[in-house]
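Asks: Got a structure for you, written out below as structure tokens; questions coming shortly.
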Amino acid sequence: MKITKAVVTAGGLGTRMLPATKTVPKEMLPLADKPVIQYIIEEAVASGISDILVITNRAKSAVDDYFDYTPELEDKLLSAGKTAELEAVRRTADIANVFYVRQKETRGLGHAVWRARRFVGNEPFAVLLGDDVMMSEAPVTRQLIDAAEAYGASAVGTQRVPPDAISKYSSLKVTPLSGRVMRVEDMNEKPRPEEKFSDYAILGRYVLSHEIFDILEETSPGYGGEIQLTDGLKTLCKRSPVVAVDFEGRRYDTGSLRGFLEATVDFSLKHESVGAWMREFIKQKATEL
Ligand code: G1P
């Protein structure tokens, strides 16, 4: 079945990026000249997704405003002949069918995804975490959809992380299938060193069977007292096939200051109008350090 729906989670509080995120949602912080969430939605669209549900909360109205029309601004740009700017603001409003639902309580990623059950219905769907931005040749969500279709399975995006970092992620128990695809046998969320299955961490991308909703409904709070998507997937992988895709590309955790700054540098270097200037600026800086 063709995968056309995606869920983007943007309900987090952004506590790792304070004070900036006190009034600006972390998903709206810019990497070069586009907010974080635009990169994520562009990845979904480039992966063949047409309908996107963003899970927000009461502090994130700037996100739905961003994907709306701005008639006053557009009229001004039109009459000033600023066609490039006009096109840039219109493009964000026409990017996809974007829907919103609020996660009324901060009860974890599993609870956020569960809020999408009415939007998704009985189809497989993609999940993109709102602060994990990817830079890759082939869109990472597309890499997962291809594996999910090839194996008739749900899929999670993974990469190896340094052994001392796995406790920040979910750790996967995997066996090789072919190429970059592995079978998932088990997983655990934020394991202590002695509990980890491997250094393969789930990194921000999923393609899931709708079966996950019934499972999440019955999943008790886990790590941090929150309903964890990982705990739901742990049950799912015992009932139906789940594969892990060691995806090609680089992932940035833009919810952390370091990840955000790395992404700022890398996306600026790739940027059409400032990339070459940024390269020279960094070279010059390096000589001064
Ligand atoms: C979440 C997930 C975790 C995953 C991580 C990176 O954790 O719960 O399983 O490995 O994202 O995508 P968080 O970063 O929200 O603590």
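Just so we're on the same page: first chain in the structure tokens is A, next is B, and so on; residues restart at 1 for each chain, and ligands are numbered from 1 in the order they show up.
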Could you list, as a short mmCIF file (atom, residue, chain, number, x, y, z; two decimals) with C-alpha atoms, in the first residue's frame, all residues that come within 9 Å of ligand 1? Count only C-alpha atoms and all ligand atoms.
Replies:
```cif
data_model
loop_
_atom_site.label_atom_id
_atom_site.label_comp_id
_atom_site.auth_asym_id
_atom_site.auth_seq_id
_atom_site.Cartn_x
_atom_site.Cartn_y
_atom_site.Cartn_z
CA GLY A 12 7.84 18.91 23.25
CA GLY A 108 5.39 11.22 26.07
CA LEU A 109 6.12 10.36 22.44
CA GLY A 110 3.90 7.26 22.49
CA LEU A 128 9.12 12.13 11.87
CA LEU A 129 10.29 13.57 15.17
CA ASP A 131 13.66 18.07 16.23
CA ASP A 132 15.56 15.39 14.31
CA GLY A 157 15.62 4.54 11.16
CA THR A 158 18.84 3.70 12.93
CA ILE A 166 23.16 4.91 23.65
CA SER A 167 21.57 5.65 27.04
CA LYS A 168 20.00 8.78 25.42
CA TYR A 169 18.18 6.69 22.80
CA SER A 170 16.36 3.44 22.28
CA SER A 171 18.74 0.53 21.77
CA ASN A 188 14.56 -0.73 25.06
CA GLU A 189 14.26 2.98 25.77
CA LYS A 190 17.19 4.83 27.33
CA ALA A 201 19.85 3.70 18.20
CA ILE A 202 16.49 4.65 16.74
CA LEU A 203 17.01 8.12 15.29
CA GLY A 204 13.85 10.08 14.69
CA ARG A 205 12.18 8.25 11.78
CA TYR A 223 10.95 5.73 31.14
CA GLN A 228 7.09 5.63 25.25
CA LEU A 229 6.78 4.85 21.54
CA THR A 230 9.69 2.44 22.03
CA ASP A 231 7.65 0.40 24.52
CA ASP A 253 19.39 16.76 17.13
CA GLY A 255 16.61 20.24 20.19
#
```
Asks: Could you give me, as a PDB file with N, CA and C atoms, in the first residue's frame, the residues within 6 Å of Val127 (chain A), counting only C-alpha atoms and dropping anything in the same chain fewer than 5 positions from it?
Replies:
```
ATOM      1  N   ALA A   6       1.852  11.189   7.068  1.00  0.00           N
ATOM      2  CA  ALA A   6       2.938  11.262   8.046  1.00  0.00           C
ATOM      3  C   ALA A   6       2.491  12.053   9.260  1.00  0.00           C
ATOM      4  N   VAL A   7       3.096  11.713  10.377  1.00  0.00           N
ATOM      5  CA  VAL A   7       2.851  12.410  11.631  1.00  0.00           C
ATOM      6  C   VAL A   7       4.178  13.058  12.042  1.00  0.00           C
ATOM      7  N   VAL A   8       4.133  14.346  12.306  1.00  0.00           N
ATOM      8  CA  VAL A   8       5.330  15.061  12.768  1.00  0.00           C
ATOM      9  C   VAL A   8       5.068  15.470  14.217  1.00  0.00           C
ATOM     10  N   ARG A 205      13.038   8.551  12.918  1.00  0.00           N
ATOM     11  CA  ARG A 205      12.177   8.249  11.777  1.00  0.00           C
ATOM     12  C   ARG A 205      11.600   6.843  11.910  1.00  0.00           C
ATOM     13  N   TYR A 206      10.320   6.717  11.547  1.00  0.00           N
ATOM     14  CA  TYR A 206       9.593   5.456  11.685  1.00  0.00           C
ATOM     15  C   TYR A 206       8.605   5.337  10.520  1.00  0.00           C
TER      16      TYR A 206
END
```
Asks: Name all residues at most 8 Å from region 2-5 of chain A (count only C-alpha atoms; drop same-chain ones fewer than 3 positions away) and give them as a list in words.
Replies: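 That gives Gly48, Ile49, Ser50, Asp51, Ile52, Leu53, Val120, Glu123, Pro124, Phe125, Ala126 and Ile145 of chain A.
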Asks: Quick one: pick out all strand (DSSP E) residues within region 71-281 of chain A from a backbone DSSP run and write them as a PyMOL selection string.
Replies: chain A and resi 97-102+125-129+132-135+154-160+170-178+181-189+200-208+242-246+250-253
Asks: Can you pull out every residue from region 4-235 of chain A that DSSP, working from the backbone, puts in helix (DSSP H, G or I), and format the result as JSON, numbers by chain?
Replies: {"A": [15, 16, 17, 20, 21, 22, 26, 27, 28, 36, 37, 38, 39, 40, 41, 42, 43, 44, 45, 46, 61, 62, 63, 64, 65, 66, 71, 72, 73, 74, 75, 76, 77, 78, 79, 83, 84, 85, 86, 87, 88, 89, 90, 91, 92, 93, 109, 110, 111, 112, 113, 114, 117, 118, 119, 120, 140, 141, 142, 143, 144, 145, 146, 147, 148, 149, 150, 151, 163, 164, 165, 166, 167, 168, 193, 194, 195, 211, 212, 213, 214, 215, 216, 217, 223, 224, 225, 229, 230, 231, 232, 233, 234, 235]}
Asks: Pick out the closest residue to Leu233 (chain A) from this set: A:Ala263, A:Leu172, A:Ala32, A:Met182. Count only C-alpha atoms.
Replies: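 Looking at the shortest contact to Leu233 (chain A), the residue is A:Leu172.
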Asks: Closest to Lys34 (chain A) among A:Arg142, A:His271, A:Arg115, A:Lys234, using only C-alpha atoms?
Replies: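 Counting only C-alpha atoms, the residue closest to Lys34 (chain A) is A:His271.
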Asks: Could you tell me how far CA of Val161 (chain A) sits from CA of Asp266 (chain A), in Å to one decimal place?
Replies: 19.6 Å
Asks: Quick one: of A:Glu288, A:Glu226, A:Glu217, A:Glu85, who's nearest to Asp33 (chain A), counting only C-alpha atoms?
Replies: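 Checking each candidate against Asp33 (chain A), we get A:Glu85 as the closest.
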Asks: From the options A:Glu105, A:Asp164, A:Asp246, A:Asp68, which residue's atoms come nearest to Pro176 (chain A), counting only C-alpha atoms?
Replies: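 The shortest atom-to-atom distance to Pro176 (chain A) comes from A:Asp246.
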Asks: Hey, what's within 12 Å of Ser61 (chain A) if we count only C-alpha atoms and toss same-chain stuff fewer than 5 positions away? As number ranges by chain, please?
Replies: A: 10-11, 23-25, 27-28, 54-56, 66-68, 100-102
Asks: Please, could you write that set of residues out with N, CA, C and O atoms as an mmCIF file, in the first residue's frame?
Replies:
```cif
data_model
loop_
_atom_site.group_PDB
_atom_site.id
_atom_site.type_symbol
_atom_site.label_atom_id
_atom_site.label_comp_id
_atom_site.auth_asym_id
_atom_site.auth_seq_id
_atom_site.Cartn_x
_atom_site.Cartn_y
_atom_site.Cartn_z
ATOM 1 N N ALA A 10 5.592 17.597 17.391
ATOM 2 C CA ALA A 10 6.133 18.909 17.756
ATOM 3 C C ALA A 10 5.499 19.363 19.074
ATOM 4 O O ALA A 10 5.198 20.537 19.251
ATOM 5 N N GLY A 11 5.306 18.419 19.978
ATOM 6 C CA GLY A 11 4.621 18.740 21.229
ATOM 7 C C GLY A 11 5.560 18.925 22.408
ATOM 8 O O GLY A 11 5.116 19.168 23.519
ATOM 9 N N THR A 23 9.409 31.492 24.298
ATOM 10 C CA THR A 23 8.234 31.954 23.539
ATOM 11 C C THR A 23 8.235 31.492 22.082
ATOM 12 O O THR A 23 7.211 31.583 21.418
ATOM 13 N N VAL A 24 9.382 31.024 21.574
ATOM 14 C CA VAL A 24 9.431 30.542 20.181
ATOM 15 C C VAL A 24 9.506 29.014 20.216
ATOM 16 O O VAL A 24 10.409 28.466 20.843
ATOM 17 N N PRO A 25 8.586 28.319 19.544
ATOM 18 C CA PRO A 25 8.685 26.855 19.529
ATOM 19 C C PRO A 25 10.026 26.419 18.948
ATOM 20 O O PRO A 25 10.510 27.032 17.987
ATOM 21 N N GLU A 27 10.734 24.108 17.095
ATOM 22 C CA GLU A 27 10.586 23.723 15.685
ATOM 23 C C GLU A 27 10.612 24.930 14.754
ATOM 24 O O GLU A 27 10.734 24.788 13.547
ATOM 25 N N MET A 28 10.448 26.148 15.319
ATOM 26 C CA MET A 28 10.441 27.359 14.495
ATOM 27 C C MET A 28 11.793 28.063 14.480
ATOM 28 O O MET A 28 11.941 29.101 13.827
ATOM 29 N N VAL A 54 0.589 17.427 12.197
ATOM 30 C CA VAL A 54 1.586 17.899 13.154
ATOM 31 C C VAL A 54 0.950 17.842 14.547
ATOM 32 O O VAL A 54 -0.140 18.377 14.755
ATOM 33 N N ILE A 55 1.620 17.172 15.466
ATOM 34 C CA ILE A 55 1.131 17.116 16.845
ATOM 35 C C ILE A 55 1.757 18.293 17.581
ATOM 36 O O ILE A 55 2.985 18.348 17.739
ATOM 37 N N THR A 56 0.912 19.223 17.997
ATOM 38 C CA THR A 56 1.428 20.450 18.614
ATOM 39 C C THR A 56 0.983 20.522 20.080
ATOM 40 O O THR A 56 0.475 19.551 20.623
ATOM 41 N N TYR A 66 2.667 29.402 10.363
ATOM 42 C CA TYR A 66 3.731 29.359 9.362
ATOM 43 C C TYR A 66 3.281 28.689 8.057
ATOM 44 O O TYR A 66 3.694 29.083 6.973
ATOM 45 N N PHE A 67 2.427 27.683 8.178
ATOM 46 C CA PHE A 67 1.988 26.965 6.974
ATOM 47 C C PHE A 67 0.665 27.504 6.427
ATOM 48 O O PHE A 67 0.001 26.868 5.623
ATOM 49 N N ASP A 68 0.295 28.707 6.852
ATOM 50 C CA ASP A 68 -0.925 29.378 6.379
ATOM 51 C C ASP A 68 -0.536 30.478 5.376
ATOM 52 O O ASP A 68 0.642 30.833 5.244
ATOM 53 N N TYR A 100 -3.402 19.672 12.065
ATOM 54 C CA TYR A 100 -2.826 19.826 13.411
ATOM 55 C C TYR A 100 -3.724 19.181 14.446
ATOM 56 O O TYR A 100 -4.954 19.248 14.333
ATOM 57 N N VAL A 101 -3.119 18.606 15.448
ATOM 58 C CA VAL A 101 -3.882 18.203 16.619
ATOM 59 C C VAL A 101 -2.998 18.484 17.832
ATOM 60 O O VAL A 101 -1.774 18.339 17.760
ATOM 61 N N ARG A 102 -3.624 18.950 18.883
ATOM 62 C CA ARG A 102 -2.832 19.257 20.073
ATOM 63 C C ARG A 102 -2.705 18.051 20.982
ATOM 64 O O ARG A 102 -3.687 17.328 21.193
#
```
Asks: Rounded to one decimal, what separation in Å do you get between CA of Leu31 (chain A) and CA of Phe267 (chain A)?
Replies: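 Separating CA of Leu31 (chain A) from CA of Phe267 (chain A) is a distance of 6.5 Å.
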Asks: Give me the residues within 10 Å of Phe247 (chain A) as a PyMOL selection string, counting only C-alpha atoms and dropping any in the same chain fewer than 4 places off.
Replies: chain A and resi 136+138-144+156-159+180-181+203+205+251
Asks: Give me the residues within 12 Å of Thr92 (chain A) as a PyMOL selection string, counting only C-alpha atoms and dropping any in the same chain fewer than 2 places off.
Replies: chain A and resi 34-35+37-39+41-42+45+63-70+85-90+94-98
Asks: Given only C-alpha atoms as the basis, pick out the residue of A:Lys196, A:Arg279, A:Leu269, A:Val184 nearest to Thr235 (chain A).
Replies: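 For Thr235 (chain A), the nearest of the candidates is A:Val184.
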